[in-house]
>>> print(open('final-v2.txt').read())   # compact mmCIF, C-alpha atoms
# COMPACT_ATOMS: atom_id res chain seq x y z
CA MET K 1 2.22 -21.10 21.73
CA ALA K 2 3.23 -24.71 21.16
CA LYS K 3 6.88 -25.69 21.07
CA GLY K 4 6.60 -26.80 17.46
CA ASP K 5 5.21 -23.43 16.48
CA ARG K 6 8.12 -21.64 18.15
CA SER K 7 10.72 -23.64 16.22
CA GLU K 8 8.95 -22.77 12.99
CA ILE K 9 9.12 -19.08 13.88
CA MET K 10 12.82 -19.25 14.57
CA ALA K 11 13.36 -20.95 11.22
CA TYR K 12 12.41 -17.85 9.24
CA VAL K 13 12.44 -14.68 11.37
CA THR K 14 15.60 -13.83 13.27
CA HIS K 15 14.38 -10.74 15.14
CA LEU K 16 12.52 -7.45 15.07
CA ARG K 17 14.41 -4.17 15.53
CA CYS K 18 13.03 -0.73 16.27
CA SER K 19 13.93 1.66 13.46
CA ARG K 20 14.46 4.51 15.94
CA CYS K 21 16.02 3.20 19.14
CA GLY K 22 17.40 -0.11 17.90
CA SER K 23 15.66 -2.22 20.58
CA GLU K 24 15.38 -5.83 19.46
CA TYR K 25 12.63 -8.38 20.05
CA ARG K 26 11.85 -11.98 19.15
CA LEU K 27 8.87 -12.67 16.94
CA GLU K 28 7.33 -14.84 19.65
CA ASP K 29 7.33 -11.84 21.99
CA GLY K 30 4.29 -10.69 20.02
CA LYS K 31 5.27 -7.04 19.99
CA VAL K 32 3.36 -4.63 17.80
CA ILE K 33 4.81 -1.36 19.10
CA CYS K 34 8.28 -0.73 20.57
CA ASP K 35 8.27 -0.72 24.39
CA ARG K 36 9.73 2.78 24.31
CA ASP K 37 6.70 4.01 22.33
CA ASP K 38 9.04 6.20 20.28
CA LEU K 39 7.11 5.77 16.99
CA GLY K 40 9.83 3.52 15.65
CA ARG K 41 8.76 0.73 13.29
CA LEU K 42 9.69 -2.80 14.37
CA ASP K 43 11.43 -3.90 11.19
CA ILE K 44 11.35 -7.66 10.65
CA TYR K 45 14.51 -9.55 9.70
CA TYR K 46 14.55 -12.98 8.08
CA ASP K 47 16.89 -15.96 7.93
CA TYR K 48 17.34 -16.21 4.17
CA GLU K 49 19.54 -19.29 4.37
CA ALA K 50 16.79 -21.18 6.18
CA ILE K 51 14.14 -19.84 3.79
CA SER K 52 16.13 -20.95 0.74
CA ARG K 53 16.07 -24.54 1.99
CA THR K 54 12.28 -24.56 1.68
CA LEU K 55 11.43 -21.85 -0.83
CA THR K 56 12.84 -22.05 -4.35
CA LYS K 57 11.76 -20.79 -7.74
CA GLU K 58 10.64 -24.34 -8.49
CA THR K 59 8.48 -24.65 -5.37
CA LEU K 60 6.91 -21.29 -6.13
CA GLU K 61 5.85 -22.52 -9.56
CA GLU K 62 4.05 -25.44 -7.93
CA ARG K 63 2.03 -23.26 -5.58
CA ARG K 64 -1.24 -21.48 -6.23
CA GLY K 65 -1.13 -17.69 -6.62
CA GLY K 66 -1.86 -15.13 -3.95
CA VAL K 67 -0.17 -13.52 -0.97
CA TRP K 68 0.25 -16.72 1.04
CA ARG K 69 2.17 -18.37 -1.75
CA TYR K 70 5.12 -16.62 -0.07
CA PHE K 71 4.46 -17.97 3.44
CA GLU K 72 8.14 -18.28 4.36
CA LEU K 73 8.71 -14.57 3.69
CA LEU K 74 5.84 -13.45 5.91
CA PRO K 75 5.81 -13.07 9.74
CA VAL K 76 3.07 -15.60 10.53
CA SER K 77 4.20 -18.88 12.04
CA ARG K 78 1.18 -21.15 11.59
CA ARG K 79 -0.72 -21.68 8.37
CA SER K 80 -3.80 -22.35 10.49
CA SER K 81 -3.73 -18.67 11.52
CA ILE K 82 -4.13 -17.39 7.96
CA VAL K 83 -7.18 -15.22 7.28
CA SER K 84 -7.59 -14.86 3.52
CA LEU K 85 -10.18 -13.55 1.08
CA GLY K 86 -8.20 -14.55 -2.00
CA GLU K 87 -6.00 -11.48 -2.20
CA GLY K 88 -2.92 -11.07 -4.37
CA GLY K 89 -2.06 -12.65 -7.69
CA THR K 90 -3.24 -9.51 -9.48
CA PRO K 91 -2.61 -9.10 -13.22
CA MET K 92 0.24 -7.19 -14.80
CA ILE K 93 -1.23 -5.57 -17.88
CA ARG K 94 1.05 -4.63 -20.74
CA SER K 95 -0.21 -1.30 -21.98
CA GLU K 96 -0.71 -0.96 -25.71
CA ARG K 97 -2.76 2.13 -26.52
CA LEU K 98 -1.62 4.11 -23.49
CA SER K 99 2.04 3.33 -24.14
CA LYS K 100 1.72 4.66 -27.67
CA HIS K 101 -0.17 7.74 -26.47
CA LEU K 102 2.51 8.62 -23.92
CA GLY K 103 5.47 7.68 -26.09
CA LEU K 104 6.68 4.92 -23.78
CA LYS K 105 7.99 1.74 -25.34
CA ASN K 106 7.32 -0.58 -22.38
CA LEU K 107 4.60 0.34 -19.88
CA TYR K 108 3.01 -2.17 -17.51
CA LEU K 109 0.10 -1.64 -15.12
CA LYS K 110 0.04 -3.70 -11.92
CA ASP K 111 -3.71 -3.72 -11.32
CA GLU K 112 -4.36 -3.89 -7.58
CA THR K 113 -8.03 -2.99 -8.04
CA ARG K 114 -8.62 -6.75 -8.50
CA ASN K 115 -8.16 -7.47 -4.77
CA PRO K 116 -11.22 -8.46 -2.67
CA THR K 117 -11.97 -4.98 -1.28
CA ALA K 118 -10.58 -3.37 -4.46
CA SER K 119 -7.23 -2.05 -3.22
CA PHE K 120 -3.71 -3.21 -2.41
CA LYS K 121 -4.49 -2.79 1.29
CA ASP K 122 -5.93 -6.30 1.28
CA ARG K 123 -2.35 -7.56 1.08
CA SER K 124 -1.52 -5.60 4.21
CA MET K 125 -4.56 -6.66 6.18
CA THR K 126 -4.48 -10.35 5.37
CA VAL K 127 -1.08 -10.39 7.11
CA GLY K 128 -2.05 -7.97 9.88
CA VAL K 129 -5.24 -9.83 10.79
CA SER K 130 -3.63 -13.27 10.46
CA LYS K 131 -1.05 -12.11 12.99
CA ALA K 132 -3.86 -10.86 15.23
CA VAL K 133 -5.41 -14.33 15.17
CA GLU K 134 -2.04 -15.90 15.95
CA LEU K 135 -1.60 -13.55 18.92
CA GLY K 136 -5.07 -14.36 20.19
CA VAL K 137 -6.42 -10.79 20.14
CA LYS K 138 -10.15 -10.11 19.90
CA LYS K 139 -10.36 -6.44 18.91
CA THR K 140 -8.66 -4.57 16.07
CA CYS K 141 -8.58 -0.81 15.55
CA THR K 142 -7.43 1.61 12.89
CA ALA K 143 -7.09 5.28 12.04
CA SER K 144 -8.34 5.53 8.47
CA SER K 145 -11.50 6.25 6.53
CA GLY K 146 -10.31 4.77 3.30
CA ASN K 147 -8.91 1.61 1.79
CA ALA K 148 -6.98 0.43 4.85
CA ALA K 149 -10.01 0.67 7.13
CA ALA K 150 -12.21 -1.13 4.60
CA ALA K 151 -9.68 -3.93 4.28
CA LEU K 152 -9.18 -4.26 8.04
CA ALA K 153 -12.95 -4.33 8.59
CA ALA K 154 -13.40 -7.04 5.96
CA TYR K 155 -10.63 -9.29 7.25
CA SER K 156 -11.69 -8.73 10.87
CA ALA K 157 -15.21 -9.80 9.87
CA LYS K 158 -13.80 -12.94 8.24
CA ALA K 159 -11.84 -13.74 11.42
CA GLY K 160 -14.70 -12.91 13.81
CA LEU K 161 -12.83 -10.01 15.42
CA GLU K 162 -14.37 -6.74 16.59
CA CYS K 163 -13.12 -3.82 14.52
CA TYR K 164 -13.06 -0.16 15.58
CA ALA K 165 -12.43 2.53 12.96
CA PHE K 166 -11.55 6.13 13.77
CA VAL K 167 -12.26 8.35 10.78
CA LEU K 168 -11.98 12.07 10.13
CA GLU K 169 -15.09 14.11 10.76
CA GLU K 170 -15.38 14.93 7.04
CA ALA K 171 -15.14 11.30 5.88
CA SER K 172 -17.64 10.52 3.11
CA ILE K 173 -20.84 8.69 3.95
CA GLY K 174 -20.00 6.16 1.23
CA LYS K 175 -16.80 5.08 2.94
CA ILE K 176 -18.41 5.04 6.36
CA SER K 177 -21.29 2.92 5.05
CA GLN K 178 -18.85 0.33 3.70
CA LEU K 179 -17.16 0.09 7.09
CA GLN K 180 -20.48 -0.28 8.88
CA LEU K 181 -21.64 -2.98 6.49
CA TYR K 182 -18.51 -4.99 7.31
CA GLY K 183 -19.51 -4.69 10.97
CA ALA K 184 -16.94 -2.12 12.07
CA LYS K 185 -17.80 0.30 14.88
CA VAL K 186 -17.09 3.72 13.37
CA PHE K 187 -16.27 6.95 15.20
CA ARG K 188 -15.87 10.34 13.53
CA VAL K 189 -13.06 12.33 15.15
CA ARG K 190 -12.84 16.15 15.17
CA ARG K 191 -9.59 17.86 14.23
CA VAL K 192 -8.36 20.07 17.11
CA GLU K 193 -4.71 20.77 16.15
CA GLU K 194 -3.10 21.77 12.86
CA GLU K 195 -0.68 19.28 11.31
CA VAL K 196 -1.92 16.54 13.67
CA ASP K 197 -4.18 13.69 12.57
CA PRO K 198 -6.85 13.37 15.29
CA THR K 199 -7.66 9.79 14.31
CA VAL K 200 -4.06 8.77 15.04
CA GLN K 201 -4.18 10.67 18.33
CA LEU K 202 -7.22 8.70 19.41
CA LEU K 203 -5.80 5.41 18.11
CA ARG K 204 -2.72 5.83 20.30
CA LEU K 205 -4.84 6.62 23.36
CA VAL K 206 -7.11 3.62 22.82
CA VAL K 207 -4.21 1.21 22.27
CA LYS K 208 -2.45 2.46 25.40
CA ASN K 209 -5.53 2.35 27.63
CA TYR K 210 -7.48 -0.63 26.27
CA GLY K 211 -4.71 -2.75 24.81
CA TRP K 212 -6.51 -3.30 21.50
CA TYR K 213 -4.59 -4.49 18.43
CA PRO K 214 -3.71 -1.52 16.18
CA CYS K 215 -3.66 -2.22 12.46
CA PRO K 216 -3.56 0.97 10.39
CA SER K 217 -1.36 1.07 7.30
CA PHE K 218 1.48 2.71 9.23
CA GLY K 219 4.54 0.66 10.19
CA PRO K 220 5.12 2.27 13.62
CA PHE K 221 1.72 0.96 14.78
CA ASN K 222 1.86 -2.48 13.18
CA PRO K 223 5.00 -3.96 11.59
CA TYR K 224 3.29 -7.10 10.31
CA GLN K 225 0.97 -5.43 7.81
CA VAL K 226 3.98 -3.72 6.17
CA GLU K 227 5.07 -7.18 5.02
CA GLY K 228 1.94 -7.78 2.92
CA PRO K 229 2.73 -5.30 0.11
CA LYS K 230 6.12 -6.99 -0.34
CA THR K 231 4.29 -9.60 -2.35
CA ILE K 232 3.58 -7.02 -5.07
CA SER K 233 7.33 -6.89 -5.72
CA TYR K 234 7.58 -10.65 -5.88
CA GLU K 235 4.77 -10.83 -8.42
CA ILE K 236 6.18 -8.04 -10.59
CA VAL K 237 9.53 -9.82 -10.90
CA GLU K 238 7.93 -13.17 -11.68
CA GLN K 239 5.38 -11.74 -14.11
CA LEU K 240 8.21 -10.13 -16.05
CA GLY K 241 9.93 -13.51 -16.32
CA TRP K 242 12.44 -12.69 -13.54
CA ARG K 243 13.44 -9.54 -15.37
CA ILE K 244 13.92 -6.31 -13.40
CA PRO K 245 12.11 -3.25 -14.80
CA ASP K 246 13.87 0.09 -14.98
CA TRP K 247 11.22 1.82 -12.86
CA ILE K 248 8.39 1.09 -10.43
CA LEU K 249 6.04 4.06 -9.85
CA ILE K 250 4.38 4.08 -6.41
CA PRO K 251 1.53 6.33 -5.17
CA THR K 252 2.67 7.49 -1.74
CA GLY K 253 0.85 8.66 1.36
CA SER K 254 2.28 7.27 4.61
CA ALA K 255 5.12 5.68 2.55
CA CYS K 256 4.17 2.24 3.90
CA LEU K 257 3.62 0.87 0.38
CA LEU K 258 6.94 2.30 -0.76
CA ALA K 259 8.66 0.64 2.20
CA GLY K 260 6.95 -2.66 1.43
CA ILE K 261 7.89 -2.65 -2.26
CA TRP K 262 11.51 -1.96 -1.31
CA LYS K 263 11.55 -4.71 1.34
CA GLY K 264 10.17 -7.23 -1.14
CA LEU K 265 12.81 -6.44 -3.73
CA LYS K 266 15.51 -6.77 -1.08
CA ASP K 267 14.14 -10.18 -0.08
CA TYR K 268 14.58 -11.49 -3.62
CA TYR K 269 18.01 -9.88 -3.81
CA GLU K 270 19.10 -11.56 -0.57
CA LEU K 271 17.82 -14.90 -1.83
CA GLY K 272 19.97 -14.42 -4.93
CA TRP K 273 16.97 -14.45 -7.28
CA ILE K 274 17.68 -10.97 -8.69
CA ASP K 275 21.02 -9.22 -9.08
CA HIS K 276 19.98 -5.56 -8.85
CA LEU K 277 17.06 -3.36 -7.85
CA PRO K 278 14.86 -1.19 -10.10
CA ARG K 279 14.63 2.55 -9.54
CA LEU K 280 11.67 3.48 -7.36
CA ALA K 281 9.62 6.65 -7.78
CA ALA K 282 7.37 7.89 -4.96
CA ILE K 283 4.48 10.01 -6.23
CA GLN K 284 2.38 12.44 -4.17
CA SER K 285 -0.08 15.24 -4.92
CA THR K 286 1.18 18.82 -4.84
CA GLY K 287 -1.65 19.43 -2.36
CA ASN K 288 -0.07 17.07 0.16
CA ALA K 289 3.58 16.28 -0.42
CA PRO K 290 5.45 15.96 2.89
CA PHE K 291 7.50 12.98 1.69
CA VAL K 292 8.47 14.61 -1.61
CA ARG K 293 9.49 17.75 0.25
CA ALA K 294 11.56 15.70 2.70
CA PHE K 295 13.32 13.96 -0.22
CA LYS K 296 14.05 17.13 -2.17
CA GLU K 297 15.15 19.12 0.87
CA ARG K 298 17.22 16.22 2.24
CA MET K 299 15.47 16.26 5.60
CA ASP K 300 16.57 14.03 8.46
CA PRO K 301 14.56 10.80 7.92
CA MET K 302 13.66 10.81 11.62
CA ASN K 303 12.43 14.42 11.57
CA ILE K 304 10.21 14.84 8.54
CA GLU K 305 7.94 17.87 8.80
CA PRO K 306 4.18 17.25 8.48
CA TRP K 307 2.13 18.99 5.80
CA ARG K 308 -0.21 21.76 6.84
CA ASN K 309 -3.81 21.59 5.56
CA PRO K 310 -3.64 18.74 3.01
CA ARG K 311 -5.95 19.25 0.03
CA THR K 312 -6.12 16.87 -2.92
CA VAL K 313 -8.54 14.77 -4.97
CA ALA K 314 -6.30 11.81 -4.10
CA SER K 315 -7.96 11.19 -0.73
CA GLY K 316 -6.03 7.95 -0.20
CA LEU K 317 -2.79 9.94 -0.15
CA MET K 318 -3.92 12.52 2.41
CA ASP K 319 -1.58 11.50 5.24
CA PRO K 320 -0.17 14.80 6.56
CA TYR K 321 2.80 12.90 7.97
CA PRO K 322 4.56 9.98 6.23
CA TRP K 323 4.81 7.52 9.11
CA ASP K 324 7.15 5.23 7.16
CA GLY K 325 9.03 8.10 5.54
CA ASP K 326 12.31 7.05 7.13
CA ALA K 327 12.23 3.70 5.34
CA GLY K 328 10.96 5.38 2.18
CA LEU K 329 13.88 7.79 2.04
CA ILE K 330 16.34 4.95 2.52
CA ALA K 331 14.57 3.01 -0.25
CA LEU K 332 14.99 5.87 -2.71
CA ARG K 333 18.61 6.35 -1.76
CA GLU K 334 19.44 2.66 -2.22
CA THR K 335 17.64 2.42 -5.57
CA ASP K 336 18.73 5.78 -7.02
CA GLY K 337 15.06 6.64 -6.93
CA VAL K 338 13.13 9.90 -7.02
CA ALA K 339 10.14 11.53 -5.33
CA GLU K 340 7.83 13.80 -7.30
CA ALA K 341 4.59 15.69 -6.68
CA VAL K 342 1.94 16.05 -9.38
CA PRO K 343 -1.04 18.43 -9.53
CA ASP K 344 -4.59 17.20 -9.14
CA ASN K 345 -5.47 17.99 -12.76
CA LEU K 346 -2.75 15.61 -13.96
CA ILE K 347 -3.98 12.91 -11.58
CA LEU K 348 -7.50 13.26 -13.00
CA GLU K 349 -6.13 13.14 -16.55
CA ALA K 350 -4.27 9.95 -15.69
CA GLN K 351 -7.46 8.49 -14.20
CA LYS K 352 -9.31 9.16 -17.48
CA LEU K 353 -6.50 7.72 -19.58
CA LEU K 354 -6.37 4.50 -17.56
CA ALA K 355 -10.10 3.97 -18.03
CA SER K 356 -10.52 5.14 -21.63
CA MET K 357 -7.38 3.53 -23.07
CA GLU K 358 -6.78 0.44 -20.95
CA GLY K 359 -10.14 -0.30 -19.32
CA VAL K 360 -8.74 0.10 -15.80
CA PHE K 361 -11.04 1.99 -13.42
CA ALA K 362 -8.83 3.61 -10.77
CA GLU K 363 -9.57 6.07 -8.00
CA PRO K 364 -7.49 9.30 -8.11
CA SER K 365 -5.04 7.89 -5.52
CA GLY K 366 -4.69 4.76 -7.61
CA ALA K 367 -3.98 6.80 -10.75
CA ALA K 368 -1.30 8.98 -9.13
CA GLY K 369 1.46 6.59 -10.18
CA LEU K 370 0.59 7.06 -13.84
CA ALA K 371 0.45 10.84 -13.37
CA GLY K 372 3.95 10.60 -11.91
CA ALA K 373 5.16 8.59 -14.89
CA MET K 374 3.76 11.22 -17.24
CA LYS K 375 5.55 14.03 -15.42
CA LEU K 376 8.86 12.20 -15.09
CA LEU K 377 8.73 11.28 -18.77
CA GLU K 378 8.10 14.92 -19.70
CA ASP K 379 10.95 16.06 -17.42
CA GLY K 380 13.36 13.59 -19.03
CA VAL K 381 13.87 11.56 -15.86
CA ILE K 382 12.23 8.51 -17.43
CA ASP K 383 13.52 7.64 -20.90
CA PRO K 384 10.96 6.58 -23.55
CA SER K 385 12.87 3.30 -23.95
CA ASP K 386 12.70 2.46 -20.22
CA GLU K 387 10.63 -0.45 -18.95
CA VAL K 388 8.15 1.09 -16.50
CA VAL K 389 5.75 -0.55 -14.04
CA VAL K 390 3.00 1.64 -12.61
CA LEU K 391 1.08 0.50 -9.54
CA VAL K 392 -2.67 1.09 -9.83
CA THR K 393 -3.51 0.83 -6.16
CA GLY K 394 -7.29 1.24 -5.78
CA SER K 395 -10.59 1.08 -7.66
CA GLY K 396 -12.52 4.07 -8.96
CA LEU K 397 -15.54 2.73 -7.07
CA LYS K 398 -13.79 4.00 -3.93
CA ASP K 399 -14.37 7.62 -4.96
CA PRO K 400 -17.41 7.72 -7.29
CA ASP K 401 -18.20 11.36 -6.52
CA ILE K 402 -14.91 12.43 -8.13
CA VAL K 403 -15.80 10.58 -11.31
CA LYS K 404 -19.34 11.96 -11.30
CA SER K 405 -18.02 15.52 -11.10
CA MET K 406 -16.08 15.08 -14.36
CA PHE K 407 -19.11 14.49 -16.56
CA ALA K 408 -22.51 15.92 -17.31
CA GLU K 409 -25.61 13.89 -16.46
CA PRO K 410 -26.35 11.41 -19.27
CA PRO K 411 -29.48 12.20 -21.29
CA THR K 412 -32.79 10.47 -20.59
CA ILE K 413 -34.82 9.42 -23.63
CA GLY K 414 -37.71 7.14 -24.47
CA PRO K 415 -37.29 3.81 -26.30
CA SER K 416 -37.69 5.34 -29.76
CA LEU K 417 -35.27 5.63 -32.63
CA GLU K 418 -36.53 9.16 -33.33
CA GLU K 419 -35.62 10.39 -29.81
CA PHE K 420 -32.27 8.63 -29.95
CA THR K 421 -31.41 10.17 -33.33
CA ARG K 422 -32.44 13.64 -32.19
CA MET K 423 -30.32 13.39 -29.01
CA LEU K 424 -27.41 11.92 -30.96
CA SER K 425 -27.31 15.02 -33.18
CA ARG K 426 -27.29 17.29 -30.12
CA LEU K 427 -24.40 15.40 -28.59
CA GLY K 428 -22.38 15.91 -31.76
>>> encode(input="final-v2.txt", output="structure tokens")
Amino acid sequence: MAKGDRSEIMAYVTHLRCSRCGSEYRLEDGKVICDRDDLGRLDIYYDYEAISRTLTKETLEERRGGVWRYFELLPVSRRSSIVSLGEGGTPMIRSERLSKHLGLKNLYLKDETRNPTASFKDRSMTVGVSKAVELGVKKTCTASSGNAAAALAAYSAKAGLECYAFVLEEASIGKISQLQLYGAKVFRVRRVEEEVDPTVQLLRLVVKNYGWYPCPSFGPFNPYQVEGPKTISYEIVEQLGWRIPDWILIPTGSACLLAGIWKGLKDYYELGWIDHLPRLAAIQSTGNAPFVRAFKERMDPMNIEPWRNPRTVASGLMDPYPWDGDAGLIALRETDGVAEAVPDNLILEAQKLLASMEGVFAEPSGAAGLAGAMKLLEDGVIDPSDEVVVLVTGSGLKDPDIVKSMFAEPPTIGPSLEEFTRMLSRLG
């Protein structure tokens, strides 16, 4: 790495610190996993005084939208390393019909389905893969069959890197096909132990023995990708005219997104651009709720119990263990937040409402945040007058079989008005 590059690194990142053992590293050390391999996340710390000399509200207004608009707040030292597909800058939709239906005065939908591979994971992987390029690696790998793997495969293809994806044996052919089309080498992995994700087991073995670059959406295996979702927080604040909402509702699996949203809000707080934080709500399915259970039972953040036999329509939230749960629990504590589990039928209802009332086509995982808002509103936790932002994290095209199962096959008729009229009367 050139001397000039190193000085630029030191201008914005002070150090990385393991969330478990406290070991510290410099950014130029290029660490992805703590040397002690203790499953601690290497949290990244920034020099906000130095950042404020370059990044101001005024300079932000002059820049084009997207994740890399916030270059100084991301852990990549050279702009030439950036691998982008045009991610970020997603719309914040003020709900009209849905707000009225639910009895909420101010409901906003942060629509992450508009990203290049149709989920928020593009924010994670643009940063993770850009860092891979900066570190000079040639092979990336992940443990995921869903949005994170698709995003990593796409950005690896853009960068010319080999991508290896370890997916569960029961992963859908649709998701596997997407990975293969992006050029990823896909391996189905059999489950051999309860409460243990076999794809993560294999990922750890491969990284240890082959030295490949891990980039799943779990902080302990890649701290750089955690920084990408921070930009959602930045955009929310700016799109609300620098106003802080009362609530942000976050679908939660590994808790990496929750950790990222919290980190982004803290960045703006440290820069003095906001004076308080909104309340955060982490939402899981009742069929897989290890993080919610840890929150409600006040578990030790470093000893969260995994969930046995996860089952939910929200396949993107199926992580049996919340790898970033420690940061997530701290985030809820610092923001007076809550964690809540919602049943699958409410998630599917929320999915229908998003599409039929606001024209937003979300997968079940992406609709979980709205289901959480509905439950918290009914329970009196959210007040009807509160300003609420719901993250819609992934497109319904990710899980078309779920949508198909909700409806009967559409009728087939000939191009005649008589047939149409007859069928119309049958449909009522």
>>> residues_around(input="final-v2.txt", residues="stretch 328-342 of chain K", least_positions_apart="3", cutoff="10 Å", atoms="only C-alpha atoms", output="JSON, numbers by chain")
{"K": [247, 248, 249, 250, 251, 252, 254, 255, 256, 257, 258, 259, 260, 261, 262, 263, 266, 276, 277, 278, 279, 280, 281, 282, 283, 284, 285, 286, 287, 288, 289, 290, 291, 292, 293, 294, 295, 296, 298, 299, 300, 301, 322, 323, 324, 325, 345, 346, 347, 368, 369, 371, 372, 373, 374, 375, 376, 381]}
>>> atom_distance(input="final-v2.txt", atom1="atom CA of K:Gly160", atom2="atom CA of K:Leu73")
25.6 Å
>>> closest_residue(input="final-v2.txt", among="K:Leu85, K:Leu161, K:Met423, K:Val226", to="K:Cys141", atoms="only C-alpha atoms")
K:Leu161
>>> axis_aligned_box(input="final-v2.txt", around="stretch 115-130 of chain K", padding_each_side="6 Å", output="JSON")
{"center_x": -6.5, "center_y": -7.7, "center_z": 3.0, "size_x": 22.9, "size_y": 23.2, "size_z": 27.6}
>>> atom_distance(input="final-v2.txt", atom1="atom CA of K:Ala151", atom2="atom CA of K:Asp37")
25.6 Å
